[in-house]
file data.cif (mmCIF, C-alpha atoms (C1' of nucleotides))
data_target
#
loop_
_atom_site.label_atom_id
_atom_site.label_comp_id
_atom_site.auth_asym_id
_atom_site.auth_seq_id
_atom_site.Cartn_x
_atom_site.Cartn_y
_atom_site.Cartn_z
CA MET A 172 3.89 -17.48 -13.23
CA SER A 173 4.39 -14.55 -15.58
CA ASP A 174 0.89 -13.13 -15.54
CA ALA A 175 0.15 -13.78 -11.90
CA MET A 176 -1.28 -10.85 -10.02
CA ARG A 177 1.20 -8.96 -7.91
CA ASP A 178 0.49 -7.77 -4.41
CA ASP A 179 -0.41 -4.32 -5.64
CA ASP A 180 -2.97 -5.71 -8.05
CA ILE A 181 -4.43 -8.03 -5.48
CA ALA A 182 -4.63 -5.25 -2.92
CA ASN A 183 -6.27 -2.92 -5.40
CA THR A 184 -8.87 -5.48 -6.34
CA MET A 185 -9.50 -6.32 -2.71
CA ARG A 186 -10.06 -2.69 -1.94
CA ALA A 187 -12.55 -2.48 -4.79
CA LEU A 188 -14.40 -5.38 -3.18
CA GLY A 189 -14.05 -3.78 0.23
CA HIS A 190 -17.37 -1.99 0.27
CA PRO A 191 -20.75 -3.64 0.81
CA VAL A 192 -22.44 -1.48 -1.81
CA ARG A 193 -20.00 -2.64 -4.44
CA LEU A 194 -20.56 -6.26 -3.50
CA GLU A 195 -24.26 -5.60 -3.87
CA ILE A 196 -23.76 -3.99 -7.26
CA LEU A 197 -21.87 -7.04 -8.45
CA ARG A 198 -24.71 -9.26 -7.29
CA ILE A 199 -27.26 -7.07 -9.02
CA LEU A 200 -25.32 -7.38 -12.25
CA ALA A 201 -25.01 -11.12 -11.82
CA ASN A 202 -28.74 -11.57 -11.32
CA GLN A 203 -29.71 -9.76 -14.47
CA GLN A 204 -31.18 -11.77 -17.34
CA GLN A 205 -28.28 -11.26 -19.71
CA GLY A 206 -25.93 -10.58 -16.83
CA GLN A 207 -25.94 -6.93 -17.77
CA CYS A 208 -27.85 -3.81 -16.91
CA CYS A 209 -27.55 -0.06 -16.88
CA CYS A 210 -26.78 2.40 -14.14
CA ALA A 211 -30.42 3.35 -13.61
CA ASP A 212 -31.34 -0.28 -12.92
CA VAL A 213 -28.65 -0.52 -10.31
CA THR A 214 -29.56 2.82 -8.78
CA GLU A 215 -33.19 1.94 -8.25
CA SER A 216 -32.14 -1.17 -6.35
CA LEU A 217 -30.07 0.86 -3.94
CA PRO A 218 -30.83 3.65 -1.45
CA LEU A 219 -28.19 5.90 -2.97
CA ALA A 220 -28.03 8.83 -5.34
CA GLN A 221 -27.31 8.16 -8.99
CA SER A 222 -23.99 9.97 -8.81
CA THR A 223 -22.90 7.83 -5.91
CA VAL A 224 -23.79 4.62 -7.70
CA SER A 225 -22.00 5.83 -10.78
CA GLN A 226 -18.92 6.42 -8.70
CA HIS A 227 -19.03 2.94 -7.18
CA ILE A 228 -19.41 1.55 -10.66
CA LYS A 229 -16.33 3.48 -11.70
CA VAL A 230 -14.34 1.89 -8.90
CA LEU A 231 -15.36 -1.57 -10.10
CA LEU A 232 -14.60 -0.52 -13.65
CA ASP A 233 -11.13 0.75 -12.75
CA ALA A 234 -10.44 -2.45 -10.89
CA GLY A 235 -11.30 -4.34 -14.06
CA LEU A 236 -14.06 -6.26 -12.35
CA ILE A 237 -16.81 -5.10 -14.67
CA ASP A 238 -17.11 -4.02 -18.26
CA ARG A 239 -18.95 -1.15 -19.90
CA LYS A 240 -20.59 -1.27 -23.28
CA ALA A 241 -22.30 1.81 -24.69
CA HIS A 242 -25.73 0.88 -26.02
CA GLY A 243 -27.81 3.71 -27.37
CA THR A 244 -28.38 6.31 -24.72
CA ARG A 245 -27.52 3.94 -21.93
CA ASN A 246 -24.55 1.92 -20.82
CA ARG A 247 -24.61 -1.75 -20.18
CA TYR A 248 -22.46 -3.13 -17.44
CA CYS A 249 -21.51 -6.72 -16.98
CA ILE A 250 -19.21 -8.69 -14.77
CA ARG A 251 -15.87 -9.66 -16.22
CA GLN A 252 -15.82 -13.33 -15.44
CA ASP A 253 -12.25 -13.65 -16.64
CA LYS A 254 -11.07 -11.15 -14.05
CA LEU A 255 -13.13 -12.84 -11.42
CA SER A 256 -11.51 -16.20 -11.97
CA GLU A 257 -8.12 -14.56 -12.21
CA LEU A 258 -8.81 -13.03 -8.83
CA GLY A 259 -10.02 -16.33 -7.48
CA ALA A 260 -6.76 -17.95 -8.51
CA ALA A 261 -4.69 -15.16 -7.02
CA PHE A 262 -6.66 -15.32 -3.80
CA GLY A 263 -6.25 -19.05 -3.62
CA GLY A 264 -2.53 -18.62 -4.10
CA LEU A 265 -2.45 -16.03 -1.38
CA LEU A 266 -4.25 -18.25 1.10
CA GLN A 267 -2.01 -21.15 0.22
CA GLY A 268 1.05 -19.00 0.80
CA LEU A 269 -0.27 -18.19 4.25
CA ALA A 270 -1.07 -21.74 5.24
CA PRO A 271 1.13 -23.27 7.94
CA THR A 272 2.17 -26.21 5.79
CA ALA A 273 3.61 -23.88 3.17
CA ASN A 274 6.30 -22.45 5.41
CA LYS A 275 9.37 -24.58 4.79
CA GLU A 276 8.39 -26.46 1.68
CA ALA A 277 8.04 -23.25 -0.29
CA GLU A 278 11.77 -22.59 0.07
CA LEU A 279 12.85 -25.70 -1.86
CA ALA A 280 12.41 -24.06 -5.25
CA MET B 289 -25.71 -21.12 6.74
CA SER B 290 -26.15 -19.44 10.10
CA ASP B 291 -22.57 -18.39 10.66
CA ALA B 292 -21.82 -17.39 7.10
CA MET B 293 -20.12 -14.04 6.71
CA ARG B 294 -22.37 -11.19 5.75
CA ASP B 295 -21.50 -8.61 3.14
CA ASP B 296 -20.34 -6.18 5.79
CA ASP B 297 -17.96 -8.72 7.25
CA ILE B 298 -16.65 -9.73 3.87
CA ALA B 299 -16.17 -6.13 2.84
CA ASN B 300 -14.38 -5.34 6.09
CA THR B 301 -12.02 -8.24 5.68
CA MET B 302 -11.41 -7.38 2.06
CA ARG B 303 -10.54 -3.86 3.04
CA ALA B 304 -8.09 -5.19 5.60
CA LEU B 305 -6.44 -7.18 2.82
CA GLY B 306 -6.60 -4.19 0.52
CA HIS B 307 -3.14 -2.88 1.22
CA PRO B 308 0.12 -4.38 -0.05
CA VAL B 309 1.89 -3.77 3.24
CA ARG B 310 -0.70 -5.79 5.10
CA LEU B 311 -0.40 -8.63 2.62
CA GLU B 312 3.33 -8.51 3.20
CA ILE B 313 2.88 -8.56 6.96
CA LEU B 314 0.74 -11.67 6.68
CA ARG B 315 3.42 -13.34 4.60
CA ILE B 316 6.09 -12.38 7.10
CA LEU B 317 4.04 -13.94 9.88
CA ALA B 318 3.47 -17.06 7.81
CA ASN B 319 7.16 -17.54 7.12
CA GLN B 320 8.18 -17.40 10.74
CA GLN B 321 9.42 -20.61 12.36
CA GLN B 322 6.56 -20.96 14.77
CA GLY B 323 4.34 -18.88 12.53
CA GLN B 324 4.59 -16.06 15.00
CA CYS B 325 6.75 -13.04 15.59
CA CYS B 326 6.75 -9.68 17.26
CA CYS B 327 6.21 -6.19 15.95
CA ALA B 328 9.92 -5.40 15.84
CA ASP B 329 10.59 -8.38 13.59
CA VAL B 330 7.95 -7.22 11.17
CA THR B 331 9.15 -3.63 11.30
CA GLU B 332 12.72 -4.44 10.38
CA SER B 333 11.48 -6.27 7.30
CA LEU B 334 9.63 -3.22 6.10
CA PRO B 335 10.64 0.31 5.14
CA LEU B 336 8.14 1.83 7.54
CA ALA B 337 8.13 3.38 10.97
CA GLN B 338 7.26 1.21 13.94
CA SER B 339 4.11 3.17 14.63
CA THR B 340 2.94 2.63 11.08
CA VAL B 341 3.56 -1.09 11.23
CA SER B 342 1.78 -1.26 14.55
CA GLN B 343 -1.20 0.44 12.97
CA HIS B 344 -1.30 -1.98 10.06
CA ILE B 345 -1.11 -4.81 12.55
CA LYS B 346 -4.05 -3.32 14.38
CA VAL B 347 -6.09 -3.34 11.19
CA LEU B 348 -5.37 -7.02 10.69
CA LEU B 349 -6.13 -7.62 14.35
CA ASP B 350 -9.46 -5.81 14.17
CA ALA B 351 -10.34 -7.79 11.07
CA GLY B 352 -9.70 -10.95 13.06
CA LEU B 353 -7.06 -12.13 10.63
CA ILE B 354 -4.29 -12.34 13.19
CA ASP B 355 -3.98 -13.00 16.88
CA ARG B 356 -1.98 -11.34 19.60
CA LYS B 357 -0.41 -13.10 22.55
CA ALA B 358 1.51 -11.13 25.16
CA HIS B 359 4.81 -12.81 25.87
CA GLY B 360 7.08 -11.07 28.31
CA THR B 361 7.92 -7.62 27.11
CA ARG B 362 6.90 -8.36 23.58
CA ASN B 363 3.81 -9.47 21.75
CA ARG B 364 3.62 -12.44 19.51
CA TYR B 365 1.42 -12.28 16.47
CA CYS B 366 0.23 -15.19 14.45
CA ILE B 367 -2.17 -15.77 11.62
CA ARG B 368 -5.62 -17.02 12.53
CA GLN B 369 -5.93 -19.93 10.19
CA ASP B 370 -9.53 -20.46 11.16
CA LYS B 371 -10.45 -16.98 10.01
CA LEU B 372 -8.48 -17.47 6.85
CA SER B 373 -10.38 -20.56 5.85
CA GLU B 374 -13.64 -18.94 6.87
CA LEU B 375 -12.75 -16.11 4.55
CA GLY B 376 -11.79 -18.53 1.82
CA ALA B 377 -15.19 -20.14 2.06
CA ALA B 378 -16.98 -16.82 2.05
CA PHE B 379 -14.98 -15.64 -0.92
CA GLY B 380 -15.70 -18.84 -2.79
CA GLY B 381 -19.36 -18.37 -2.08
CA LEU B 382 -19.18 -14.82 -3.32
CA LEU B 383 -17.53 -15.82 -6.58
CA GLN B 384 -20.02 -18.60 -7.05
CA GLY B 385 -22.87 -16.20 -6.54
CA LEU B 386 -21.43 -14.00 -9.25
CA ALA B 387 -20.89 -16.76 -11.76
CA PRO B 388 -23.19 -16.75 -14.80
CA THR B 389 -24.46 -20.27 -14.19
CA ALA B 390 -25.72 -19.29 -10.76
CA ASN B 391 -28.30 -16.83 -12.02
CA LYS B 392 -31.49 -18.82 -12.40
CA GLU B 393 -30.64 -21.98 -10.53
CA ALA B 394 -30.08 -20.12 -7.29
CA GLU B 395 -33.74 -19.14 -7.18
CA LEU B 396 -35.01 -22.72 -6.93
CA ALA B 397 -34.38 -22.94 -3.20
"C1'" DA C 70 15.74 1.75 42.10
"C1'" DT C 71 17.23 2.74 37.64
"C1'" DT C 72 17.57 1.84 32.97
"C1'" DA C 73 16.48 -0.23 28.56
"C1'" DT C 74 13.30 -2.47 25.32
"C1'" DT C 75 8.94 -3.27 23.32
"C1'" DG C 76 5.04 -1.67 21.13
"C1'" DA C 77 0.36 0.55 21.62
"C1'" DT C 78 -1.51 4.93 21.30
"C1'" DC C 79 -1.86 10.09 20.57
"C1'" DG C 80 -1.68 14.15 17.68
"C1'" DG C 81 -0.74 16.03 13.28
"C1'" DT C 82 -0.44 16.22 8.25
"C1'" DC C 83 -1.80 15.08 3.77
"C1'" DA C 84 -4.31 12.05 0.45
"C1'" DT C 85 -8.17 9.29 -0.52
"C1'" DT C 86 -12.97 7.81 -0.09
"C1'" DT C 87 -17.83 8.37 0.43
"C1'" DG C 88 -21.71 10.68 -0.04
"C1'" DC C 89 -24.53 14.48 -2.25
"C1'" DG C 90 -26.66 17.90 -5.68
"C1'" DA C 91 -25.78 20.23 -9.93
"C1'" DT C 92 -24.02 20.46 -14.52
"C1'" DG C 93 -23.47 19.03 -19.23
"C1'" DG C 94 -22.81 16.08 -23.25
"C1'" DA C 95 -24.56 12.46 -26.02
"C1'" DA C 96 -27.99 9.75 -28.02
"C1'" DG C 97 -33.09 8.85 -28.91
"C1'" DA C 98 -37.73 10.70 -29.46
"C1'" DT C 99 -41.01 14.44 -31.05
"C1'" DA D 298 -34.59 21.93 -33.92
"C1'" DT D 299 -36.34 20.77 -29.40
"C1'" DC D 300 -36.94 17.96 -25.61
"C1'" DT D 301 -36.17 14.11 -22.79
"C1'" DT D 302 -33.45 10.35 -20.81
"C1'" DC D 303 -29.27 8.50 -19.25
"C1'" DC D 304 -25.23 8.95 -16.62
"C1'" DA D 305 -20.30 10.52 -16.26
"C1'" DT D 306 -18.21 14.16 -14.12
"C1'" DC D 307 -17.48 18.22 -11.28
"C1'" DG D 308 -17.40 20.70 -7.06
"C1'" DC D 309 -18.14 20.32 -2.06
"C1'" DA D 310 -18.26 18.43 2.77
"C1'" DA D 311 -17.36 14.98 5.99
"C1'" DA D 312 -15.13 10.90 7.18
"C1'" DT D 313 -11.48 7.64 6.79
"C1'" DG D 314 -6.73 6.10 5.82
"C1'" DA D 315 -1.69 6.27 5.71
"C1'" DC D 316 2.27 7.81 7.51
"C1'" DC D 317 5.19 9.99 10.89
"C1'" DG D 318 7.49 11.40 15.45
"C1'" DA D 319 6.64 11.58 20.29
"C1'" DT D 320 4.95 9.65 24.37
"C1'" DC D 321 3.97 6.27 27.95
"C1'" DA D 322 2.91 1.89 30.32
"C1'" DA D 323 4.71 -2.51 31.09
"C1'" DT D 324 8.08 -5.81 31.58
"C1'" DA D 325 13.03 -7.29 31.84
"C1'" DA D 326 17.65 -6.49 33.01
"C1'" DT D 327 21.23 -4.12 35.89
#
call {"tool": "encode", "arguments": {"input": "data.cif", "output": "C-alpha cells"}}
result
Amino acid sequence: MSDAMRDDDIANTMRALGHPVRLEILRILANQQQGQCCCADVTESLPLAQSTVSQHIKVLLDAGLIDRKAHGTRNRYCIRQDKLSELGAAFGGLLQGLAPTANKEAELA
Amino acid sequence: MSDAMRDDDIANTMRALGHPVRLEILRILANQQQGQCCCADVTESLPLAQSTVSQHIKVLLDAGLIDRKAHGTRNRYCIRQDKLSELGAAFGGLLQGLAPTANKEAELA
DNA sequence: ATTATTGATCGGTCATTTGCGATGGAAGAT
DNA sequence: ATCTTCCATCGCAAATGACCGATCAATAAT
C-alpha cells in the first residue's frame, strides 16, 4: 500500500482527464502507428490553435499521463501506459471504497 | 452502446471527482450507516465552511454522483451507485481504448 | 406566533483555467 | 550564415472555480 495514489494525486489526475479535448488528445496518441506523434499532428486533428493544444499537452504531461521525447526538431509524445494502469488501479480502489458492501467490513483491519 | 457516456459526460464527471474534498465527501457518505447523511454531518468532518461544503455537494449532485432526498428540516445525501458503476464502465472503456493493443484491432468493426 | 435549525443560494474576492496571437529558441535544411 | 519548421512559452482576456460570510426559505420545536 506504500505507493498507492493519495487523494491529491487521484484528484489531480482526474482533473487532467476532466476536459474533452484532453481525452481526445489521448485517443489521438493511442491511435498513432507507434503510439506516438508530435504536437503538429495533434493540432491538425483539432479545431484549436497550436498554443492551446500545446497547453493541453502540458497539462497531460504534468499529470504524468504522457511522455515527451525530443526527436530532431520535433517532439514525440506517447501515452504512459504505466501511469494509466496505476490510475486504473487507484480508480478501482476508489470505487470499491465507495461501494455499499465496503462500509463495515473495511473497519476490521 | 447507445447509452454509453460521451467524452463530455466523462470529462464532466472526472472534473467533479477532480478535487480531494469531493473525494472525501463521497467517502464520508459511503461510511455512513445507511449510506446517507446530511450536510451538517459532512461539514463537521471537514475544515470548511458550510457554504463551501454545500457547494461541493452541489457539484457532485450536478454530476449525478449523489442523490438528495428531503427529510424533514434536513436533506439526506447518498451515493448513486448506479452512476458509479456506469462511470466505472466508461472509465474502463476509456482505458481500454488507450491501451496499445487496441490500436489496430479496434478498426475491424 | 415565535424561535431555532438546516442548508441552498447570493455576492465578493482571489486563483486557476481556457482560449488566442505573438515571440523566440532550437534543430534541420539550403 | 540564412532560412524554415516545430512548438514551448509569454502576455492578455474571458470564464470558471474555490472559498467565505451573510441571507433567507422551510420545517420543527416551544
call {"tool": "residues_near_point", "arguments": {"input": "data.cif", "point": "(-9.9, 7.5, -3.1)", "cutoff": "12 Å", "atoms": "all atoms listed in the file", "output": "list in words"}}
result
Asn183, Arg186, Ala187, Gln226, His227, Lys229, Val230 and Asp233 of chain A; DA84, DT85, DT86 and DT87 of chain C; DT313 and DG314 of chain D
call {"tool": "closest_residue", "arguments": {"input": "data.cif", "among": "A:Gly268, A:Gly243, A:Gly235, A:Gly189", "to": "chain B", "atoms": "only C-alpha atoms"}}
result
A:Gly189
call {"tool": "closest_residue", "arguments": {"input": "data.cif", "among": "B:Leu334, B:Ala299, B:Cys326, B:Leu386", "to": "chain C", "atoms": "only C-alpha atoms (C1' of nucleotides)"}}
result
B:Cys326
call {"tool": "calpha_fit_and_write", "arguments": {"input": "data.cif", "fixed": "chain A", "moving": "chain B", "output": "PDB file with C-alpha atoms, in the coordinates of the input"}}
result
ATOM      1  CA  MET B 289       3.745 -17.517 -13.304  1.00  0.00           C
ATOM      2  CA  SER B 290       4.374 -14.543 -15.554  1.00  0.00           C
ATOM      3  CA  ASP B 291       0.898 -13.078 -15.508  1.00  0.00           C
ATOM      4  CA  ALA B 292       0.168 -13.735 -11.865  1.00  0.00           C
ATOM      5  CA  MET B 293      -1.270 -10.799  -9.973  1.00  0.00           C
ATOM      6  CA  ARG B 294       1.181  -8.873  -7.877  1.00  0.00           C
ATOM      7  CA  ASP B 295       0.472  -7.688  -4.368  1.00  0.00           C
ATOM      8  CA  ASP B 296      -0.448  -4.242  -5.614  1.00  0.00           C
ATOM      9  CA  ASP B 297      -2.995  -5.657  -8.014  1.00  0.00           C
ATOM     10  CA  ILE B 298      -4.438  -7.977  -5.426  1.00  0.00           C
ATOM     11  CA  ALA B 299      -4.651  -5.202  -2.875  1.00  0.00           C
ATOM     12  CA  ASN B 300      -6.317  -2.895  -5.383  1.00  0.00           C
ATOM     13  CA  THR B 301      -8.905  -5.474  -6.276  1.00  0.00           C
ATOM     14  CA  MET B 302      -9.507  -6.294  -2.646  1.00  0.00           C
ATOM     15  CA  ARG B 303     -10.081  -2.655  -1.916  1.00  0.00           C
ATOM     16  CA  ALA B 304     -12.583  -2.492  -4.751  1.00  0.00           C
ATOM     17  CA  LEU B 305     -14.432  -5.386  -3.134  1.00  0.00           C
ATOM     18  CA  GLY B 306     -14.077  -3.777   0.263  1.00  0.00           C
ATOM     19  CA  HIS B 307     -17.411  -2.026   0.299  1.00  0.00           C
ATOM     20  CA  PRO B 308     -20.800  -3.678   0.822  1.00  0.00           C
ATOM     21  CA  VAL B 309     -22.460  -1.515  -1.804  1.00  0.00           C
ATOM     22  CA  ARG B 310     -20.005  -2.674  -4.426  1.00  0.00           C
ATOM     23  CA  LEU B 311     -20.570  -6.294  -3.487  1.00  0.00           C
ATOM     24  CA  GLU B 312     -24.269  -5.635  -3.875  1.00  0.00           C
ATOM     25  CA  ILE B 313     -23.759  -4.020  -7.262  1.00  0.00           C
ATOM     26  CA  LEU B 314     -21.876  -7.078  -8.457  1.00  0.00           C
ATOM     27  CA  ARG B 315     -24.715  -9.292  -7.300  1.00  0.00           C
ATOM     28  CA  ILE B 316     -27.257  -7.103  -9.044  1.00  0.00           C
ATOM     29  CA  LEU B 317     -25.289  -7.397 -12.270  1.00  0.00           C
ATOM     30  CA  ALA B 318     -25.002 -11.149 -11.840  1.00  0.00           C
ATOM     31  CA  ASN B 319     -28.730 -11.599 -11.366  1.00  0.00           C
ATOM     32  CA  GLN B 320     -29.673  -9.763 -14.513  1.00  0.00           C
ATOM     33  CA  GLN B 321     -31.134 -11.790 -17.380  1.00  0.00           C
ATOM     34  CA  GLN B 322     -28.269 -11.238 -19.747  1.00  0.00           C
ATOM     35  CA  GLY B 323     -25.931 -10.571 -16.855  1.00  0.00           C
ATOM     36  CA  GLN B 324     -25.916  -6.931 -17.783  1.00  0.00           C
ATOM     37  CA  CYS B 325     -27.821  -3.811 -16.905  1.00  0.00           C
ATOM     38  CA  CYS B 326     -27.528  -0.070 -16.881  1.00  0.00           C
ATOM     39  CA  CYS B 327     -26.737   2.400 -14.150  1.00  0.00           C
ATOM     40  CA  ALA B 328     -30.375   3.342 -13.621  1.00  0.00           C
ATOM     41  CA  ASP B 329     -31.316  -0.269 -12.943  1.00  0.00           C
ATOM     42  CA  VAL B 330     -28.635  -0.535 -10.313  1.00  0.00           C
ATOM     43  CA  THR B 331     -29.546   2.810  -8.787  1.00  0.00           C
ATOM     44  CA  GLU B 332     -33.184   1.953  -8.259  1.00  0.00           C
ATOM     45  CA  SER B 333     -32.145  -1.159  -6.360  1.00  0.00           C
ATOM     46  CA  LEU B 334     -30.082   0.867  -3.952  1.00  0.00           C
ATOM     47  CA  PRO B 335     -30.827   3.652  -1.484  1.00  0.00           C
ATOM     48  CA  LEU B 336     -28.175   5.891  -2.991  1.00  0.00           C
ATOM     49  CA  ALA B 337     -27.984   8.815  -5.354  1.00  0.00           C
ATOM     50  CA  GLN B 338     -27.236   8.156  -9.000  1.00  0.00           C
ATOM     51  CA  SER B 339     -23.930   9.964  -8.796  1.00  0.00           C
ATOM     52  CA  THR B 340     -22.868   7.792  -5.895  1.00  0.00           C
ATOM     53  CA  VAL B 341     -23.776   4.601  -7.693  1.00  0.00           C
ATOM     54  CA  SER B 342     -21.958   5.807 -10.768  1.00  0.00           C
ATOM     55  CA  GLN B 343     -18.881   6.374  -8.652  1.00  0.00           C
ATOM     56  CA  HIS B 344     -19.022   2.903  -7.148  1.00  0.00           C
ATOM     57  CA  ILE B 345     -19.391   1.524 -10.641  1.00  0.00           C
ATOM     58  CA  LYS B 346     -16.312   3.444 -11.662  1.00  0.00           C
ATOM     59  CA  VAL B 347     -14.335   1.829  -8.866  1.00  0.00           C
ATOM     60  CA  LEU B 348     -15.351  -1.612 -10.064  1.00  0.00           C
ATOM     61  CA  LEU B 349     -14.578  -0.555 -13.616  1.00  0.00           C
ATOM     62  CA  ASP B 350     -11.119   0.713 -12.706  1.00  0.00           C
ATOM     63  CA  ALA B 351     -10.451  -2.513 -10.850  1.00  0.00           C
ATOM     64  CA  GLY B 352     -11.304  -4.376 -14.037  1.00  0.00           C
ATOM     65  CA  LEU B 353     -14.070  -6.315 -12.347  1.00  0.00           C
ATOM     66  CA  ILE B 354     -16.803  -5.132 -14.671  1.00  0.00           C
ATOM     67  CA  ASP B 355     -17.101  -4.031 -18.255  1.00  0.00           C
ATOM     68  CA  ARG B 356     -18.917  -1.173 -19.894  1.00  0.00           C
ATOM     69  CA  LYS B 357     -20.569  -1.285 -23.288  1.00  0.00           C
ATOM     70  CA  ALA B 358     -22.283   1.793 -24.691  1.00  0.00           C
ATOM     71  CA  HIS B 359     -25.692   0.877 -26.015  1.00  0.00           C
ATOM     72  CA  GLY B 360     -27.776   3.701 -27.363  1.00  0.00           C
ATOM     73  CA  THR B 361     -28.362   6.293 -24.720  1.00  0.00           C
ATOM     74  CA  ARG B 362     -27.465   3.964 -21.924  1.00  0.00           C
ATOM     75  CA  ASN B 363     -24.504   1.911 -20.853  1.00  0.00           C
ATOM     76  CA  ARG B 364     -24.586  -1.754 -20.196  1.00  0.00           C
ATOM     77  CA  TYR B 365     -22.433  -3.154 -17.456  1.00  0.00           C
ATOM     78  CA  CYS B 366     -21.511  -6.745 -16.988  1.00  0.00           C
ATOM     79  CA  ILE B 367     -19.213  -8.724 -14.772  1.00  0.00           C
ATOM     80  CA  ARG B 368     -15.857  -9.694 -16.218  1.00  0.00           C
ATOM     81  CA  GLN B 369     -15.817 -13.361 -15.447  1.00  0.00           C
ATOM     82  CA  ASP B 370     -12.254 -13.676 -16.624  1.00  0.00           C
ATOM     83  CA  LYS B 371     -11.083 -11.172 -14.048  1.00  0.00           C
ATOM     84  CA  LEU B 372     -13.140 -12.878 -11.409  1.00  0.00           C
ATOM     85  CA  SER B 373     -11.506 -16.225 -11.948  1.00  0.00           C
ATOM     86  CA  GLU B 374      -8.112 -14.579 -12.193  1.00  0.00           C
ATOM     87  CA  LEU B 375      -8.816 -13.039  -8.830  1.00  0.00           C
ATOM     88  CA  GLY B 376     -10.010 -16.347  -7.464  1.00  0.00           C
ATOM     89  CA  ALA B 377      -6.744 -17.935  -8.473  1.00  0.00           C
ATOM     90  CA  ALA B 378      -4.699 -15.127  -7.004  1.00  0.00           C
ATOM     91  CA  PHE B 379      -6.650 -15.261  -3.781  1.00  0.00           C
ATOM     92  CA  GLY B 380      -6.217 -19.005  -3.569  1.00  0.00           C
ATOM     93  CA  GLY B 381      -2.520 -18.553  -4.065  1.00  0.00           C
ATOM     94  CA  LEU B 382      -2.441 -15.941  -1.354  1.00  0.00           C
ATOM     95  CA  LEU B 383      -4.220 -18.171   1.138  1.00  0.00           C
ATOM     96  CA  GLN B 384      -1.965 -21.050   0.254  1.00  0.00           C
ATOM     97  CA  GLY B 385       1.073 -18.908   0.823  1.00  0.00           C
ATOM     98  CA  LEU B 386      -0.236 -18.061   4.262  1.00  0.00           C
ATOM     99  CA  ALA B 387      -1.034 -21.605   5.269  1.00  0.00           C
ATOM    100  CA  PRO B 388       1.207 -23.146   7.940  1.00  0.00           C
ATOM    101  CA  THR B 389       2.206 -26.100   5.784  1.00  0.00           C
ATOM    102  CA  ALA B 390       3.598 -23.780   3.139  1.00  0.00           C
ATOM    103  CA  ASN B 391       6.342 -22.362   5.320  1.00  0.00           C
ATOM    104  CA  LYS B 392       9.358 -24.552   4.698  1.00  0.00           C
ATOM    105  CA  GLU B 393       8.294 -26.452   1.622  1.00  0.00           C
ATOM    106  CA  ALA B 394       7.938 -23.294  -0.420  1.00  0.00           C
ATOM    107  CA  GLU B 395      11.665 -22.658  -0.150  1.00  0.00           C
ATOM    108  CA  LEU B 396      12.654 -25.828  -2.012  1.00  0.00           C
ATOM    109  CA  ALA B 397      12.073 -24.293  -5.428  1.00  0.00           C
TER     110      ALA B 397
END
call {"tool": "resolve_selection", "arguments": {"input": "data.cif", "expression": "the PyMOL selection byres ((chain A) within 10 of (chain B))", "output": "short mmCIF file (atom, residue, chain, number, x, y, z; two decimals) with C-alpha atoms, keeping the file's coordinate frame"}}
result
data_model
loop_
_atom_site.label_atom_id
_atom_site.label_comp_id
_atom_site.auth_asym_id
_atom_site.auth_seq_id
_atom_site.Cartn_x
_atom_site.Cartn_y
_atom_site.Cartn_z
CA ARG A 177 1.20 -8.96 -7.91
CA ASP A 178 0.49 -7.77 -4.41
CA ASP A 179 -0.41 -4.32 -5.64
CA ASP A 180 -2.97 -5.71 -8.05
CA ILE A 181 -4.43 -8.03 -5.48
CA ALA A 182 -4.63 -5.25 -2.92
CA ASN A 183 -6.27 -2.92 -5.40
CA THR A 184 -8.87 -5.48 -6.34
CA MET A 185 -9.50 -6.32 -2.71
CA ARG A 186 -10.06 -2.69 -1.94
CA ALA A 187 -12.55 -2.48 -4.79
CA LEU A 188 -14.40 -5.38 -3.18
CA GLY A 189 -14.05 -3.78 0.23
CA HIS A 190 -17.37 -1.99 0.27
CA PRO A 191 -20.75 -3.64 0.81
CA VAL A 192 -22.44 -1.48 -1.81
CA ARG A 193 -20.00 -2.64 -4.44
CA LEU A 194 -20.56 -6.26 -3.50
CA GLU A 195 -24.26 -5.60 -3.87
CA LEU A 197 -21.87 -7.04 -8.45
CA ARG A 198 -24.71 -9.26 -7.29
CA ILE A 199 -27.26 -7.07 -9.02
CA LEU A 200 -25.32 -7.38 -12.25
CA ALA A 201 -25.01 -11.12 -11.82
CA ASN A 202 -28.74 -11.57 -11.32
CA GLN A 203 -29.71 -9.76 -14.47
CA GLN A 204 -31.18 -11.77 -17.34
CA GLN A 205 -28.28 -11.26 -19.71
CA GLY A 206 -25.93 -10.58 -16.83
CA ILE A 250 -19.21 -8.69 -14.77
CA ARG A 251 -15.87 -9.66 -16.22
CA GLN A 252 -15.82 -13.33 -15.44
CA LEU A 255 -13.13 -12.84 -11.42
CA SER A 256 -11.51 -16.20 -11.97
CA LEU A 258 -8.81 -13.03 -8.83
CA GLY A 259 -10.02 -16.33 -7.48
CA PHE A 262 -6.66 -15.32 -3.80
CA GLY A 263 -6.25 -19.05 -3.62
CA LEU A 265 -2.45 -16.03 -1.38
CA LEU A 266 -4.25 -18.25 1.10
CA GLN A 267 -2.01 -21.15 0.22
CA GLY A 268 1.05 -19.00 0.80
CA LEU A 269 -0.27 -18.19 4.25
CA ALA A 270 -1.07 -21.74 5.24
CA PRO A 271 1.13 -23.27 7.94
CA THR A 272 2.17 -26.21 5.79
CA ALA A 273 3.61 -23.88 3.17
CA ASN A 274 6.30 -22.45 5.41
CA LYS A 275 9.37 -24.58 4.79
CA ALA A 277 8.04 -23.25 -0.29
CA GLU A 278 11.77 -22.59 0.07
#
call {"tool": "atom_distance", "arguments": {"input": "data.cif", "atom1": "atom C1' of DT72 of chain C", "atom2": "atom CA of Ser342 of chain B"}}
result
24.5 Å
call {"tool": "interface_residues", "arguments": {"input": "data.cif", "of": "chain D", "to": "chain B", "cutoff": "10 Å", "atoms": "all atoms listed in the file", "output": "PyMOL selection string"}}
result
chain D and resi 315-318+323-325
call {"tool": "closest_residue", "arguments": {"input": "data.cif", "among": "B:Leu353, B:Ala358, B:Ala292, B:Leu348", "to": "chain C", "atoms": "only C-alpha atoms (C1' of nucleotides)"}}
result
B:Ala358
